[in-house]
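See structure below.
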Amino acid sequence: MSNEDFRGMLARMETAGHLRHVTKPIKPQHIAALCAKAPASIQCDHVDGYDMPVVGGLYWSRARTACALNWPEGELGSRFAQAVARPRAPEIVEKAACQEHIVLGDDVDLTALPIPFMHEKDGGPYISAGVVFAQEPGLGPNAGCYRLMFRTKREMAIDLFTASDLRRIYTKCFDRGQSLPIAVAIGIHVFEHMAAAYKAPAGVNEMEIAGALRGEPVKLVRARTLDALVPADAEIILEGELLPNGWTADEGPFGEFAGMQGDLKYNPIFRVNAITHRRNPIFFSLQMPWENDWLNGPATEAICLRILAMAGIQVTKVRATEGGCCGWSIVVAIKKRAGEGKNVIAALLSLPVIKQVIVTDDDIDIYNSSEVEWAVTFRCQADKDIIILSGMKAKHVDPSVRPWDLKPGELPLTSKFGIDATIPEGIPAFRYERIAPAFADQVRVEDYL
Amino acid sequence: MMESAKVQASLVDRILVLLQQPIFFRDVLAALGDSSYRQTLLAWSDVRTHHALLRDEQGRYVLERKA
């Protein structure tokens with residue numbers, strides 16, 4: 001995997017059966033629907049009106065994400081946690097594939113890119129896989145994932161609605177009436193993309209975390225028209241500036257990470273001054289919601305592992321579930337000592353996003369929903385083992401907290417719950433002895449079927 | 001006028017007619033389905049550059065009426 005780029009990752013996913021080529025012509029506005037229905041991620045080789053392929057659905061499931069990372073499915077969280085603990089400095093290069101072709105100034109035309117229209121009520125075509133690179137004075141480089149809506153040949157609206165490092169950096173520029181130079185990379189390796197999606201503390205260089213995920217330094221190159229370092233092997237880079245218009249440009253609605261159509265927002269404008277790209281670039285269209293969610297899943301599992309280690313819990317597996325958008329619902333298997341089922345619930349529900357937790361013993365396969373349900377059914381007494389906490393910090397994106405009823409500036413509150421589905425104290429384990437087919441060690445399926 | 005410019009001007013006119021009523025962007029693509037996606041985006045770019053668009057609560061676009 002030495003220095004594997006986005007294309008190398010695609011080739012590996014294709015070999016593993018997780019990526020298929022679509023050779024029939026397809027309209028850009030049909031790609032999202034095909035991605036949602038396809039049994040694998042797809043690369044559309046003939047997009048109507050464009051000579052640039054579009055790839056999507058790469059991280060649509062745990063299995064595809066694990067394949068892209070080349071990690072075992074059960075180790076996403078633990079491997080991410082190891083990487084965060086050992087950042088690795090990037091390598092700066094002078095010449096880069098992402099700058100093989102350069103378009104400047106008035107020649108910039110965003111319609112030359114096959115930016116797909118994705119969801120029925122979206123406000124326009126969206127760059128959904130954009131990773132923004134900026135420099136923060138005094139703190140250094142910053143990378144993060146932000147969506148961008150097509151407005152004109154040279155302008156996109158960028159979603160800076162919620163709190164983020166980029167919003168903080170932009171706000172300082174906005175207060176001074178200055179624009180903020182940024183570069184947007186499209187089509188970068190999952191290591192760089194996942195590191196950018198990780199909510200690293202301010203001042204932490206996300207590309208150092210990407211280097212740790214890779215196990216080798218990330219190669220970066222200086223952008224051609226502004227002071228930012230970008231992944232050298234990115235497929236496409238947009239260089240430009242966030243205009244000091246503040247939160248005034250209509251942006252959205254867009255199909256959000258929580259699987260619901262979001263609201264119209266007002267956001268800053270990104271003016272594009274240059275496009276650089278590889279020869280024969282591939283456009284990456286990240287598909288909502290699962291592909292977005294899975295970029296965060298390993299980081300969520302890593303945080304859970306860290307918190308539970310601090311609480312002294314012996315965790316055997318952690319699973320951020322897809323139905324919980326890889327952040328809101330967690331299943332944990334532990335080697336339990338008395339009371340620790342409840343300790344896990346208390347620890348994890350204190351994290352800002354997590355809204356529900358199920359704890360099982362380590363004999364349960366937490367990747368099998370039927371096994372988890374079995375444990376909940378037979379190891380849980382609702383009056384003793386379901387913990388409900390009220391009045392906790394919530395997210396506006398959750399309609400059940402009725403965010404529309406809030407006064408301006410008021411923050412939403414939520415209730416959360418945890419289910420302790422570990423064997424209750426005082427019940428001997430033999431009461432849960434599982435059925436074992438007789439002579440299972442002597443019967444081989446391939447001898448009969 | 002170059003042929004492509006004529007096509008684009010025609011598309012702009014068609015979009016402006018559509019924008020007399022609140023519409024989603026999807027409706028623009030559907031109504032202009034006989035044109036290429038890129039031509040539609042170029043026309044949309046022209047509309048956004050030269051005309052003020054309002055958005056309603058659902059996020060639908062409508063042309064701002066001049067007083």
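Please note that chains go A, B, ... in the order of the structure tokens, that every chain numbers its residues from 1, and that ligands are numbered from 1 in the order shown.
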Select all residues from chain A having any atom no more than 10 Å from an atom of chain B (counting only C-alpha atoms, ignoring ligands), output as a ChimeraX atom specification. /A:27-29,48-50,109-125,150-155,250-254,262-265
Keeping C-alpha atoms for every residue in the selection just given, could you write it to a file as a short mmCIF file (atom, residue, chain, number, x, y, z; two decimals), in the first residue's frame?
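The resulting file, result19.cif, is shown below:
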data_model
loop_
_atom_site.label_atom_id
_atom_site.label_comp_id
_atom_site.auth_asym_id
_atom_site.auth_seq_id
_atom_site.Cartn_x
_atom_site.Cartn_y
_atom_site.Cartn_z
CA LYS A 27 -26.96 11.45 -16.78
CA PRO A 28 -25.24 13.25 -13.86
CA GLN A 29 -28.61 13.64 -12.10
CA ASP A 48 -23.46 12.37 -20.47
CA GLY A 49 -21.71 15.52 -21.67
CA TYR A 50 -18.48 14.91 -19.76
CA ASP A 109 -15.80 27.10 -15.36
CA LEU A 110 -17.22 24.82 -12.68
CA THR A 111 -19.72 23.39 -15.16
CA ALA A 112 -16.76 21.60 -16.75
CA LEU A 113 -16.88 19.29 -13.71
CA PRO A 114 -19.62 16.63 -13.59
CA ILE A 115 -21.03 17.91 -10.28
CA PRO A 116 -24.13 15.75 -9.77
CA PHE A 117 -27.57 16.85 -8.64
CA MET A 118 -28.25 14.29 -5.91
CA HIS A 119 -31.55 14.50 -3.96
CA GLU A 120 -35.09 15.50 -4.90
CA LYS A 121 -35.19 18.71 -2.84
CA ASP A 122 -31.54 19.77 -3.01
CA GLY A 123 -30.94 23.42 -3.82
CA GLY A 124 -28.65 22.51 -6.72
CA PRO A 125 -25.79 20.24 -7.76
CA PHE A 150 -23.20 25.11 -7.34
CA ARG A 151 -24.27 28.73 -7.91
CA THR A 152 -22.45 30.04 -10.97
CA LYS A 153 -19.50 29.17 -13.20
CA ARG A 154 -17.11 30.44 -10.55
CA GLU A 155 -19.08 30.39 -7.32
CA ASP A 250 -28.80 30.80 0.14
CA GLU A 251 -27.48 27.25 0.48
CA GLY A 252 -29.41 24.00 0.64
CA PRO A 253 -31.58 22.18 1.25
CA PHE A 254 -29.35 19.12 1.03
CA GLY A 262 -32.10 19.44 5.63
CA ASP A 263 -33.30 23.04 5.68
CA LEU A 264 -32.42 26.02 3.56
CA LYS A 265 -29.48 27.87 5.15
#
Distance query A:Tyr266 at most 10 Å, only C-alpha atoms, self and fewer than 3 positions along chain excluded, as a VMD selection string: chain A and resid 157 to 161 246 to 252 263 269
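Interatomic distance, atom CA of A:Ala81 against atom CA of A:Lys395: 24.7 Å.
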Among stretch 177-334 of chain A, which ones does DSSP assign to alpha helix (DSSP H) (computed from the backbone)? Answer as number ranges by chain. A: 190-197, 206-214, 290-310
Using DSSP on the backbone coordinates, identify all residues within stretch 114-301 of chain A classified as strand (DSSP E or B); present the result as an mmCIF file with C-alpha atoms, in the first residue's frame.
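Result file states.cif:
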data_model
loop_
_atom_site.group_PDB
_atom_site.id
_atom_site.type_symbol
_atom_site.label_atom_id
_atom_site.label_comp_id
_atom_site.auth_asym_id
_atom_site.auth_seq_id
_atom_site.Cartn_x
_atom_site.Cartn_y
_atom_site.Cartn_z
ATOM 1 C CA TYR A 126 -23.405 19.534 -4.887
ATOM 2 C CA ILE A 127 -19.732 18.830 -4.398
ATOM 3 C CA VAL A 131 -12.099 18.485 1.642
ATOM 4 C CA VAL A 132 -11.172 22.073 2.489
ATOM 5 C CA PHE A 133 -7.563 23.015 3.240
ATOM 6 C CA ALA A 134 -6.810 26.349 4.907
ATOM 7 C CA GLN A 135 -4.122 27.994 7.006
ATOM 8 C CA GLU A 136 -4.979 29.404 10.416
ATOM 9 C CA GLY A 140 -1.138 26.196 11.111
ATOM 10 C CA PRO A 141 -2.878 24.027 8.552
ATOM 11 C CA ASN A 142 -6.460 22.887 8.885
ATOM 12 C CA ALA A 143 -8.460 20.358 6.897
ATOM 13 C CA GLY A 144 -12.161 19.564 7.084
ATOM 14 C CA CYS A 145 -15.111 18.256 5.091
ATOM 15 C CA LEU A 148 -20.535 23.069 -1.630
ATOM 16 C CA MET A 149 -23.581 23.974 -3.732
ATOM 17 C CA PHE A 150 -23.200 25.108 -7.341
ATOM 18 C CA ARG A 151 -24.269 28.729 -7.906
ATOM 19 C CA THR A 152 -22.449 30.044 -10.968
ATOM 20 C CA GLU A 155 -19.080 30.391 -7.325
ATOM 21 C CA MET A 156 -20.281 27.789 -4.865
ATOM 22 C CA ALA A 157 -22.076 28.285 -1.543
ATOM 23 C CA ILE A 158 -20.281 26.488 1.305
ATOM 24 C CA LEU A 180 -10.175 33.631 3.365
ATOM 25 C CA PRO A 181 -8.048 31.711 0.832
ATOM 26 C CA ILE A 182 -8.918 28.011 0.744
ATOM 27 C CA ALA A 183 -8.316 24.995 -1.465
ATOM 28 C CA VAL A 184 -10.859 22.215 -1.942
ATOM 29 C CA ALA A 185 -9.615 18.718 -2.796
ATOM 30 C CA ILE A 186 -11.953 16.284 -4.558
ATOM 31 C CA LYS A 219 2.608 13.852 0.393
ATOM 32 C CA LEU A 220 1.455 17.456 0.189
ATOM 33 C CA VAL A 221 2.148 20.183 -2.357
ATOM 34 C CA ARG A 222 1.692 23.932 -2.119
ATOM 35 C CA LEU A 229 -0.842 22.582 1.340
ATOM 36 C CA VAL A 230 -2.991 20.037 -0.484
ATOM 37 C CA PRO A 231 -2.709 16.281 -1.120
ATOM 38 C CA ILE A 236 -8.986 17.730 -8.512
ATOM 39 C CA ILE A 237 -8.176 20.876 -6.520
ATOM 40 C CA LEU A 238 -10.300 24.030 -6.510
ATOM 41 C CA GLU A 239 -8.370 27.083 -5.354
ATOM 42 C CA GLY A 240 -10.088 30.276 -4.345
ATOM 43 C CA GLU A 241 -11.444 32.366 -1.513
ATOM 44 C CA LEU A 242 -14.347 32.461 0.892
ATOM 45 C CA ALA A 249 -25.968 33.309 0.377
ATOM 46 C CA ASP A 250 -28.800 30.796 0.137
ATOM 47 C CA GLU A 251 -27.484 27.245 0.478
ATOM 48 C CA GLY A 255 -29.765 15.468 2.003
ATOM 49 C CA GLN A 261 -33.617 16.398 3.942
ATOM 50 C CA LYS A 265 -29.481 27.871 5.148
ATOM 51 C CA TYR A 266 -27.586 31.081 4.551
ATOM 52 C CA ASN A 267 -23.844 30.712 4.171
ATOM 53 C CA ILE A 269 -19.681 32.080 -0.979
ATOM 54 C CA PHE A 270 -16.586 30.277 -2.269
ATOM 55 C CA ARG A 271 -15.192 32.023 -5.347
ATOM 56 C CA VAL A 272 -12.985 29.742 -7.433
ATOM 57 C CA ASN A 273 -9.880 31.326 -8.950
ATOM 58 C CA ALA A 274 -8.119 28.208 -10.231
ATOM 59 C CA ILE A 275 -8.772 24.543 -10.912
ATOM 60 C CA THR A 276 -5.870 22.120 -10.988
ATOM 61 C CA HIS A 277 -6.245 18.431 -11.698
ATOM 62 C CA PHE A 283 -14.703 13.022 -9.900
ATOM 63 C CA PHE A 284 -15.751 11.642 -6.506
ATOM 64 C CA SER A 285 -19.391 12.169 -5.512
#
Expressed in Å, the length from atom CA of A:Pro87 to atom CA of A:Ala200 is 11.4 Å
Near-A:Pro352 list (10 Å; only C-alpha atoms; drop same-chain fewer than 4 positions) as a list of chain:residue names: A:Gly327, A:Trp328, A:Leu348, A:Met392, A:Lys393, A:Ala394, A:Lys395
Check which residues of stretch 257-373 of chain A sit at most 7 Å from stretch 63-77 of chain A using only C-alpha atoms, and return one row each with the closest pair of atoms and their distance in Å to one decimal, ordered by chain and rising number, as a Markdown table.
| residue | atom | partner | partner_atom | distance |
| --- | --- | --- | --- | --- |
| A:Trp294 | CA | A:Thr65 | CA | 6.8 |
| A:Pro298 | CA | A:Gly77 | CA | 4.4 |
| A:Ala299 | CA | A:Gly77 | CA | 6.2 |
| A:Glu301 | CA | A:Gly77 | CA | 4.5 |
| A:Ala302 | CA | A:Gly77 | CA | 4.3 |
Would you output that residue set with N, CA, C and O atoms, as a PDB file, in the first residue's frame?
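Final output, result.pdb:
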ATOM      1  N   TRP A 294     -20.027   6.802   7.466  1.00  0.00           N
ATOM      2  CA  TRP A 294     -18.948   5.842   7.667  1.00  0.00           C
ATOM      3  C   TRP A 294     -17.575   6.487   7.719  1.00  0.00           C
ATOM      4  O   TRP A 294     -16.627   5.928   8.280  1.00  0.00           O
ATOM      5  N   PRO A 298     -15.268   5.075  12.323  1.00  0.00           N
ATOM      6  CA  PRO A 298     -14.080   4.632  13.052  1.00  0.00           C
ATOM      7  C   PRO A 298     -13.650   5.616  14.146  1.00  0.00           C
ATOM      8  O   PRO A 298     -13.233   5.196  15.226  1.00  0.00           O
ATOM      9  N   ALA A 299     -13.784   6.915  13.872  1.00  0.00           N
ATOM     10  CA  ALA A 299     -13.411   7.904  14.896  1.00  0.00           C
ATOM     11  C   ALA A 299     -14.342   7.812  16.094  1.00  0.00           C
ATOM     12  O   ALA A 299     -13.908   7.926  17.251  1.00  0.00           O
ATOM     13  N   GLU A 301     -15.952   5.120  17.128  1.00  0.00           N
ATOM     14  CA  GLU A 301     -15.586   3.907  17.875  1.00  0.00           C
ATOM     15  C   GLU A 301     -14.292   4.131  18.649  1.00  0.00           C
ATOM     16  O   GLU A 301     -14.142   3.660  19.791  1.00  0.00           O
ATOM     17  N   ALA A 302     -13.360   4.871  18.053  1.00  0.00           N
ATOM     18  CA  ALA A 302     -12.083   5.151  18.727  1.00  0.00           C
ATOM     19  C   ALA A 302     -12.305   5.970  19.999  1.00  0.00           C
ATOM     20  O   ALA A 302     -11.697   5.700  21.042  1.00  0.00           O
TER      21      ALA A 302
END
Would you mind reading off the distance between atom CA of A:Glu371 and atom CA of A:Ile334, one decimal, in Å? 14.6 Å
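Using only C-alpha atoms, the nearest neighbour of A:Gly259 within the list A:Gly418, A:Gly8, A:Pro399, A:Gly211 is A:Pro399.
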